[in-house]
Amino acid sequence: MEILGLLYDGFLIALQPLNITVVIIGVIVGLFIGAMPGLGSVNGVAILLPMTFLVPPTSAIIFLAALYYGAMYGGAISSIMLGIPGASTAVATTFDGRPLALKGLADKALITAALASFIGGTISVILFTGFAPPLAHIALDFGDYEIFALMLLAFATFVGLSGDDIPKTIFSICIGLVFSAVGLDIMSGEPRLVFFDIIGFMHGINFLVLAIGIYGIGEMMWTIETNRGDSAMSKAVLTLSGFLSSLRDMGRTWFSWMTGSLLGFFVGILPAAGATPGSLMAYGVAKMTSKDSDNFGKGEVAGVVAPESANNAASTGALLPMLTLGIPGSPTTAILLGGMVIWGLVPGPLLFVEQKEFVWGLIASLYVANLFSLLINVAFIPLFLWVLKMPFTILAPIIFVLSLVGGYSPTQDMHDVWLMLIFGVGAYLMRKLDYPLAPAVLAIVLGPIAEPALRQSLLISNGDFTVFFTRPISGPIMIIAIILLILPALKPLKNKFLAKEKSKTS
Amino acid sequence: MRRAEIVTASLMAIFSVYLMWKSTELSIGWIPDEGPGGGAFSFWLSAVMLICCIWTMFNWYRRSTPPSKSKDSFMDAYALRMFLLVGGAVTIMIGLVHFVGMYGSIPLFLLYYLRFLGGHSWTLTILVSLAAPVIIFFFFDVALRIVLPKGYLEPLFFPLYSIFL
């Protein structure tokens, strides 16, 4: 019952005129960003974070969370209409959304996608409200050992679950952590890793410089290269009877959106997994459990509903570890976490004790943002379709300009803008060679928390590494982390074993 | 692609060694009563980076990863052209900030990109190129009080400062 009281207080904050306004703006911007191929929530949050200094921290994070939500809804629009996922999180939506649009049922696909997003978002926010306070309560007892063990777990999930090239993933994590160590050594105050004695490195490398470099400049270059030529857009005519028949479809596919929501939420909590694999898994499960699984890929409503409910649920799931443990569940939440530090908040379980207004205002605003996303999405579908026709050659230069200004404003140093350009170009080139970039962003945000935790722990234990394994909470976490780290190494063995079995039986 | 893979891995390996060397400027060992030295964290991470680069090279040698097998060129003609045109323009834009400030370089960049790369009409180009700096000025300089660099154009802004700041 205490939770309901806190949630009520949260709603009082979320429903303040300023916060309602930022939610609406955030949702509109998010829908737009999500719908544009090549831009996803992470690009929007990274590029627009510097602009949120205008409003108080609570409103700022409400704005960014609304944008995050809106982008999840928006991703479906271009998946269905263009057949190009608006964001990686909407890849699975193209499988059945595009065939539906080609059949002339684009309106059905768009509306069921929006409704499924709403349901997925709402179910996961309810789960979030239930899980967050107890988890934060447990996490209050965490010391340096547990914090470091959790960090290691977060990085281990990238190695074990992301499916990217292993040495390149580890490389990406380490380079992010090393960049976070640039500047003044927190313990001794000595300058550290000041490359070529350039004074600009003395204040460290702001995580936004890396994030905007990767997600602003690098991503734009990537999109310019990959989006060659124009794609054909489907037509959508919206009618009331179409809306009602979509509602009936939602009733028919309840099992798909239910499993999608639950799966999405729990997959979203894992740092490396998140919305993209969550929605792909939901699609797979929906296809497996469906009676007419042959229809999947040819325009089955359940194949739109499942991934869309899952990607929205996952975006809420990713917020859970960020708020309660201070470990982001996705690159987007990593940037939100970095933003919280800039706003002067200490991420982690203490937020639930010291910053009740902030936490509950944010949680309540998620309910509000979800509702507005649905309403704005359905009401303005024609407008978004018009926006989708905007050529990329208008959007791209605007993003470059925003990156320039956004890269300058946090530290107000041109040195950081140059660094951002180098990171952006480097990210673009390395991405072509399958180097994953999200781990580096997560690492540069977590580095300043992980390093002192490690050093303090080792200081207390007198340099003994085994303490991480012998403590009651950090022990199991470390063991899970190590299992995840060696998981990919077992894969070739398993394949060999299976191949042998096969050759025996045949 | 194959050549790019080994070149990148080698460059990153050299960079890792540089980072390891740079880390040793601070103590990387154990300092009694202080714990690990300031350089230890980055030293060992750089060492792991080096190992990963060697691992990538090994994969390259065995041709076991997609980029090390791929026969495609790392950058085809179109990609290279766009990379130079767009990347070059962004670089020049940032470079110009030092001379004519943000409010000089941003309109020039937009003008170039919209008109010459995008092939849009002059009306649209000029509209966007003029609207962008005005919006940015009111958002950053006025509302956020983040004074963006003006370069040699600074004197032109004195009247605006006296009105809005």
# chains A, B, ... in the order shown; residues from 1 in each chain; ligands from 1

$ interface_residues --of "chain A" --to "chain B" --cutoff "7 Å" --atoms "only C-alpha atoms" --output "list of chain:residue names"
A:Phe53, A:Leu54, A:Pro167, A:Lys168, A:Ile170, A:Phe171, A:Cys174, A:Val178, A:Ala181, A:Asp185, A:Leu193, A:Met221, A:Glu225, A:Thr393, A:Ile394, A:Pro397, A:Val401, A:Ser409, A:Leu433, A:Arg455, A:Leu458, A:Leu459

$ write_last_selection --atoms "N, CA and C atoms" --output "PDB file, in the first residue's frame"
ATOM      1  N   PHE A  53      19.305  20.833 -20.109  1.00  0.00           N
ATOM      2  CA  PHE A  53      19.761  21.642 -18.981  1.00  0.00           C
ATOM      3  C   PHE A  53      18.811  22.807 -18.719  1.00  0.00           C
ATOM      4  N   LEU A  54      17.921  23.029 -19.686  1.00  0.00           N
ATOM      5  CA  LEU A  54      16.975  24.132 -19.582  1.00  0.00           C
ATOM      6  C   LEU A  54      15.977  23.941 -18.448  1.00  0.00           C
ATOM      7  N   PRO A 167      36.496 -11.054 -29.015  1.00  0.00           N
ATOM      8  CA  PRO A 167      37.613 -10.147 -28.721  1.00  0.00           C
ATOM      9  C   PRO A 167      37.247  -8.693 -28.987  1.00  0.00           C
ATOM     10  N   LYS A 168      36.433  -8.434 -29.993  1.00  0.00           N
ATOM     11  CA  LYS A 168      36.067  -7.053 -30.307  1.00  0.00           C
ATOM     12  C   LYS A 168      35.139  -6.475 -29.242  1.00  0.00           C
ATOM     13  N   ILE A 170      35.164  -7.369 -26.006  1.00  0.00           N
ATOM     14  CA  ILE A 170      35.993  -7.096 -24.831  1.00  0.00           C
ATOM     15  C   ILE A 170      36.833  -5.844 -25.082  1.00  0.00           C
ATOM     16  N   PHE A 171      37.338  -5.726 -26.295  1.00  0.00           N
ATOM     17  CA  PHE A 171      38.118  -4.539 -26.652  1.00  0.00           C
ATOM     18  C   PHE A 171      37.296  -3.280 -26.436  1.00  0.00           C
ATOM     19  N   CYS A 174      36.890  -2.479 -22.747  1.00  0.00           N
ATOM     20  CA  CYS A 174      38.117  -1.990 -22.117  1.00  0.00           C
ATOM     21  C   CYS A 174      38.453  -0.578 -22.572  1.00  0.00           C
ATOM     22  N   VAL A 178      39.024   2.589 -20.208  1.00  0.00           N
ATOM     23  CA  VAL A 178      40.273   3.355 -20.189  1.00  0.00           C
ATOM     24  C   VAL A 178      39.975   4.835 -20.446  1.00  0.00           C
ATOM     25  N   ALA A 181      39.020   6.653 -17.523  1.00  0.00           N
ATOM     26  CA  ALA A 181      40.074   6.879 -16.537  1.00  0.00           C
ATOM     27  C   ALA A 181      40.913   8.114 -16.859  1.00  0.00           C
ATOM     28  N   ASP A 185      43.360  11.369 -11.478  1.00  0.00           N
ATOM     29  CA  ASP A 185      43.121  10.159 -10.706  1.00  0.00           C
ATOM     30  C   ASP A 185      42.322  10.535  -9.463  1.00  0.00           C
ATOM     31  N   LEU A 193      46.856   9.805 -17.894  1.00  0.00           N
ATOM     32  CA  LEU A 193      46.562   9.599 -19.318  1.00  0.00           C
ATOM     33  C   LEU A 193      46.258  10.901 -20.046  1.00  0.00           C
ATOM     34  N   MET A 221      26.931   8.924 -40.557  1.00  0.00           N
ATOM     35  CA  MET A 221      27.777   8.491 -41.666  1.00  0.00           C
ATOM     36  C   MET A 221      27.401   7.087 -42.096  1.00  0.00           C
ATOM     37  N   GLU A 225      25.759   5.956 -45.745  1.00  0.00           N
ATOM     38  CA  GLU A 225      26.339   4.940 -46.608  1.00  0.00           C
ATOM     39  C   GLU A 225      25.356   3.811 -46.913  1.00  0.00           C
ATOM     40  N   THR A 393      18.701  14.096 -46.682  1.00  0.00           N
ATOM     41  CA  THR A 393      19.689  15.162 -46.850  1.00  0.00           C
ATOM     42  C   THR A 393      19.281  16.442 -46.120  1.00  0.00           C
ATOM     43  N   ILE A 394      18.061  16.478 -45.554  1.00  0.00           N
ATOM     44  CA  ILE A 394      17.718  17.619 -44.695  1.00  0.00           C
ATOM     45  C   ILE A 394      18.000  17.247 -43.251  1.00  0.00           C
ATOM     46  N   PRO A 397      22.206  16.946 -42.093  1.00  0.00           N
ATOM     47  CA  PRO A 397      22.975  18.118 -41.680  1.00  0.00           C
ATOM     48  C   PRO A 397      22.473  18.705 -40.366  1.00  0.00           C
ATOM     49  N   VAL A 401      24.739  19.388 -37.043  1.00  0.00           N
ATOM     50  CA  VAL A 401      24.799  20.680 -36.358  1.00  0.00           C
ATOM     51  C   VAL A 401      24.450  20.508 -34.883  1.00  0.00           C
ATOM     52  N   SER A 409      28.431  22.023 -25.604  1.00  0.00           N
ATOM     53  CA  SER A 409      27.815  22.637 -24.429  1.00  0.00           C
ATOM     54  C   SER A 409      28.130  22.012 -23.061  1.00  0.00           C
ATOM     55  N   LEU A 433      33.742  -2.964 -39.348  1.00  0.00           N
ATOM     56  CA  LEU A 433      34.478  -4.202 -39.103  1.00  0.00           C
ATOM     57  C   LEU A 433      33.872  -4.991 -37.950  1.00  0.00           C
ATOM     58  N   ARG A 455      39.039  -0.395  -6.417  1.00  0.00           N
ATOM     59  CA  ARG A 455      40.214  -0.011  -5.632  1.00  0.00           C
ATOM     60  C   ARG A 455      39.919  -0.016  -4.138  1.00  0.00           C
ATOM     61  N   LEU A 458      39.821  -3.657  -2.968  1.00  0.00           N
ATOM     62  CA  LEU A 458      41.141  -4.264  -2.865  1.00  0.00           C
ATOM     63  C   LEU A 458      41.907  -3.679  -1.688  1.00  0.00           C
ATOM     64  N   LEU A 459      41.658  -2.401  -1.416  1.00  0.00           N
ATOM     65  CA  LEU A 459      42.336  -1.763  -0.296  1.00  0.00           C
ATOM     66  C   LEU A 459      41.884  -2.401   1.011  1.00  0.00           C
TER      67      LEU A 459
END

$ atom_distance --atom1 "atom CA of A:Gly406" --atom2 "atom CA of A:Pro50"
5.5 Å

$ select_by_dssp --residues "chain B" --states "alpha helix (DSSP H)" --output "count of residues only"
104

$ atom_distance --atom1 "atom CA of A:Phe468" --atom2 "atom CA of A:Ala132"
25.1 Å

$ residues_around --residues "A:Ala65" --least-positions-apart "3" --cutoff "8 Å" --atoms "only C-alpha atoms" --output "list in words"
Gly26, Ile61, Ile62, Tyr68, Tyr69, Leu362 and Leu366 of chain A

$ write_last_selection --atoms "C-alpha atoms" --output "PDB file, in the first residue's frame"
ATOM      1  CA  GLY A  26       9.247  14.244 -25.603  1.00  0.00           C
ATOM      2  CA  ILE A  61      14.622  12.877 -17.210  1.00  0.00           C
ATOM      3  CA  ILE A  62      10.856  12.802 -17.734  1.00  0.00           C
ATOM      4  CA  TYR A  68      12.668   6.889 -25.209  1.00  0.00           C
ATOM      5  CA  TYR A  69       9.093   5.589 -25.142  1.00  0.00           C
ATOM      6  CA  LEU A 362       9.682   9.493 -13.218  1.00  0.00           C
ATOM      7  CA  LEU A 366       6.078   6.539 -17.577  1.00  0.00           C
TER       8      LEU A 366
END

$ closest_residue --among "A:Gly475, A:Gly299, A:Gly278, A:Gly143" --to "A:Gly120" --atoms "only C-alpha atoms"
A:Gly278

$ closest_residue --among "B:Leu11, B:Phe158, B:Leu85, B:Tyr103" --to "B:Ala131" --atoms "only C-alpha atoms"
B:Tyr103

$ residues_around --residues "A:Phe384" --least-positions-apart "5" --cutoff "8 Å" --atoms "only C-alpha atoms" --output "list in words"
Phe32, Ala35 and Ile77 of chain A

$ residues_around --residues "stretch 1-18 of chain A" --least-positions-apart "6" --cutoff "8 Å" --atoms "only C-alpha atoms" --output "list in words"
Ser59, Thr129, Gly130, Pro133, Glu357, Val359, Trp360, Gly361, Leu362, Ile363, Ala364, Ser365 and Val368 of chain A

$ atom_distance --atom1 "atom CA of A:Gly426" --atom2 "atom CA of A:Gln412"
22.5 Å

$ select_by_dssp --residues "chain B" --states "strand (DSSP E or B)" --output "VMD selection string"
chain B and resid 30 to 31 35 to 36

$ residues_around --residues "A:Leu319" --least-positions-apart "6" --cutoff "12 Å" --atoms "only C-alpha atoms" --output "VMD selection string"
chain A and resid 61 64 to 65 68 to 69 124 to 125 127 to 129 131 to 132 265 to 271 274 to 275 312 to 313 325 to 337 347 to 348 359 362 to 363 366

$ decode --residues "stretch 6-103 of chain B" --atoms "C-alpha atoms" --output "PDB file, in the first residue's frame"
ATOM      1  CA  ILE B   6      44.371  -6.430 -39.994  1.00  0.00           C
ATOM      2  CA  VAL B   7      45.317  -2.764 -40.303  1.00  0.00           C
ATOM      3  CA  THR B   8      42.736  -1.764 -37.676  1.00  0.00           C
ATOM      4  CA  ALA B   9      43.753  -4.567 -35.328  1.00  0.00           C
ATOM      5  CA  SER B  10      47.427  -3.588 -35.682  1.00  0.00           C
ATOM      6  CA  LEU B  11      46.738   0.104 -35.114  1.00  0.00           C
ATOM      7  CA  MET B  12      44.637  -0.684 -32.067  1.00  0.00           C
ATOM      8  CA  ALA B  13      47.362  -2.998 -30.755  1.00  0.00           C
ATOM      9  CA  ILE B  14      49.869  -0.145 -31.060  1.00  0.00           C
ATOM     10  CA  PHE B  15      47.383   2.167 -29.361  1.00  0.00           C
ATOM     11  CA  SER B  16      46.989  -0.377 -26.521  1.00  0.00           C
ATOM     12  CA  VAL B  17      50.740  -0.522 -26.026  1.00  0.00           C
ATOM     13  CA  TYR B  18      50.844   3.277 -25.986  1.00  0.00           C
ATOM     14  CA  LEU B  19      48.088   3.314 -23.352  1.00  0.00           C
ATOM     15  CA  MET B  20      49.984   0.767 -21.261  1.00  0.00           C
ATOM     16  CA  TRP B  21      53.128   2.853 -21.482  1.00  0.00           C
ATOM     17  CA  LYS B  22      51.185   6.036 -20.697  1.00  0.00           C
ATOM     18  CA  SER B  23      49.603   4.364 -17.659  1.00  0.00           C
ATOM     19  CA  THR B  24      53.011   3.682 -16.148  1.00  0.00           C
ATOM     20  CA  GLU B  25      53.437   7.426 -15.572  1.00  0.00           C
ATOM     21  CA  LEU B  26      51.488   6.704 -12.425  1.00  0.00           C
ATOM     22  CA  SER B  27      52.252   3.809 -10.161  1.00  0.00           C
ATOM     23  CA  ILE B  28      50.796   0.585 -11.501  1.00  0.00           C
ATOM     24  CA  GLY B  29      51.835  -1.493  -8.513  1.00  0.00           C
ATOM     25  CA  TRP B  30      50.582  -1.802  -4.977  1.00  0.00           C
ATOM     26  CA  ILE B  31      51.049   1.183  -2.689  1.00  0.00           C
ATOM     27  CA  PRO B  32      50.916   0.214   0.982  1.00  0.00           C
ATOM     28  CA  ASP B  33      47.868   1.715   2.748  1.00  0.00           C
ATOM     29  CA  GLU B  34      46.630   3.210  -0.516  1.00  0.00           C
ATOM     30  CA  GLY B  35      45.768   0.142  -2.514  1.00  0.00           C
ATOM     31  CA  PRO B  36      46.454  -0.205  -6.226  1.00  0.00           C
ATOM     32  CA  GLY B  37      48.259   2.748  -7.793  1.00  0.00           C
ATOM     33  CA  GLY B  38      46.549   5.249 -10.049  1.00  0.00           C
ATOM     34  CA  GLY B  39      47.826   3.678 -13.230  1.00  0.00           C
ATOM     35  CA  ALA B  40      46.965   0.078 -12.437  1.00  0.00           C
ATOM     36  CA  PHE B  41      43.358   0.145 -13.620  1.00  0.00           C
ATOM     37  CA  SER B  42      44.135   1.574 -17.038  1.00  0.00           C
ATOM     38  CA  PHE B  43      47.343  -0.455 -17.361  1.00  0.00           C
ATOM     39  CA  TRP B  44      45.670  -3.826 -17.001  1.00  0.00           C
ATOM     40  CA  LEU B  45      42.699  -2.815 -19.137  1.00  0.00           C
ATOM     41  CA  SER B  46      45.078  -1.744 -21.895  1.00  0.00           C
ATOM     42  CA  ALA B  47      46.822  -5.072 -21.521  1.00  0.00           C
ATOM     43  CA  VAL B  48      43.484  -6.824 -22.078  1.00  0.00           C
ATOM     44  CA  MET B  49      42.932  -4.596 -25.122  1.00  0.00           C
ATOM     45  CA  LEU B  50      46.275  -5.746 -26.506  1.00  0.00           C
ATOM     46  CA  ILE B  51      45.339  -9.385 -25.955  1.00  0.00           C
ATOM     47  CA  CYS B  52      42.031  -8.805 -27.758  1.00  0.00           C
ATOM     48  CA  CYS B  53      43.843  -7.264 -30.715  1.00  0.00           C
ATOM     49  CA  ILE B  54      46.174 -10.249 -30.925  1.00  0.00           C
ATOM     50  CA  TRP B  55      43.124 -12.520 -30.696  1.00  0.00           C
ATOM     51  CA  THR B  56      41.515 -10.579 -33.563  1.00  0.00           C
ATOM     52  CA  MET B  57      44.707 -10.983 -35.592  1.00  0.00           C
ATOM     53  CA  PHE B  58      44.685 -14.698 -34.886  1.00  0.00           C
ATOM     54  CA  ASN B  59      41.064 -14.877 -36.099  1.00  0.00           C
ATOM     55  CA  TRP B  60      42.156 -12.937 -39.154  1.00  0.00           C
ATOM     56  CA  TYR B  61      44.891 -15.469 -39.813  1.00  0.00           C
ATOM     57  CA  ARG B  62      42.445 -18.363 -39.456  1.00  0.00           C
ATOM     58  CA  ARG B  63      39.802 -16.487 -41.507  1.00  0.00           C
ATOM     59  CA  SER B  64      37.180 -17.347 -38.913  1.00  0.00           C
ATOM     60  CA  THR B  65      35.297 -14.039 -38.653  1.00  0.00           C
ATOM     61  CA  PRO B  66      33.106 -12.387 -41.326  1.00  0.00           C
ATOM     62  CA  PRO B  67      35.356  -9.335 -41.906  1.00  0.00           C
ATOM     63  CA  SER B  68      38.434 -11.547 -42.263  1.00  0.00           C
ATOM     64  CA  LYS B  69      36.703 -13.699 -44.869  1.00  0.00           C
ATOM     65  CA  SER B  70      34.920 -10.969 -46.764  1.00  0.00           C
ATOM     66  CA  LYS B  71      36.200 -10.161 -50.223  1.00  0.00           C
ATOM     67  CA  ASP B  72      34.185  -6.921 -50.425  1.00  0.00           C
ATOM     68  CA  SER B  73      36.167  -3.748 -50.427  1.00  0.00           C
ATOM     69  CA  PHE B  74      36.143  -1.946 -47.087  1.00  0.00           C
ATOM     70  CA  MET B  75      34.878   1.216 -48.755  1.00  0.00           C
ATOM     71  CA  ASP B  76      33.440   1.138 -52.235  1.00  0.00           C
ATOM     72  CA  ALA B  77      33.546   4.216 -54.439  1.00  0.00           C
ATOM     73  CA  TYR B  78      30.189   5.526 -53.217  1.00  0.00           C
ATOM     74  CA  ALA B  79      31.036   5.041 -49.534  1.00  0.00           C
ATOM     75  CA  LEU B  80      34.425   6.687 -49.946  1.00  0.00           C
ATOM     76  CA  ARG B  81      32.955   9.637 -51.823  1.00  0.00           C
ATOM     77  CA  MET B  82      30.241  10.211 -49.213  1.00  0.00           C
ATOM     78  CA  PHE B  83      32.745   9.724 -46.406  1.00  0.00           C
ATOM     79  CA  LEU B  84      35.048  12.378 -47.834  1.00  0.00           C
ATOM     80  CA  LEU B  85      32.288  14.816 -48.789  1.00  0.00           C
ATOM     81  CA  VAL B  86      30.349  14.526 -45.527  1.00  0.00           C
ATOM     82  CA  GLY B  87      33.222  13.881 -43.129  1.00  0.00           C
ATOM     83  CA  GLY B  88      35.262  16.614 -44.787  1.00  0.00           C
ATOM     84  CA  ALA B  89      32.404  19.085 -44.507  1.00  0.00           C
ATOM     85  CA  VAL B  90      31.900  18.321 -40.817  1.00  0.00           C
ATOM     86  CA  THR B  91      35.631  18.692 -40.201  1.00  0.00           C
ATOM     87  CA  ILE B  92      35.727  22.024 -42.011  1.00  0.00           C
ATOM     88  CA  MET B  93      32.647  23.150 -40.071  1.00  0.00           C
ATOM     89  CA  ILE B  94      34.340  22.417 -36.752  1.00  0.00           C
ATOM     90  CA  GLY B  95      37.565  24.006 -37.980  1.00  0.00           C
ATOM     91  CA  LEU B  96      35.769  27.176 -39.006  1.00  0.00           C
ATOM     92  CA  VAL B  97      34.285  27.540 -35.515  1.00  0.00           C
ATOM     93  CA  HIS B  98      37.722  28.712 -34.370  1.00  0.00           C
ATOM     94  CA  PHE B  99      37.604  31.587 -36.869  1.00  0.00           C
ATOM     95  CA  VAL B 100      34.030  32.631 -37.522  1.00  0.00           C
ATOM     96  CA  GLY B 101      32.384  30.935 -34.533  1.00  0.00           C
ATOM     97  CA  MET B 102      29.397  28.606 -34.482  1.00  0.00           C
ATOM     98  CA  TYR B 103      27.151  31.217 -36.026  1.00  0.00           C
TER      99      TYR B 103
END
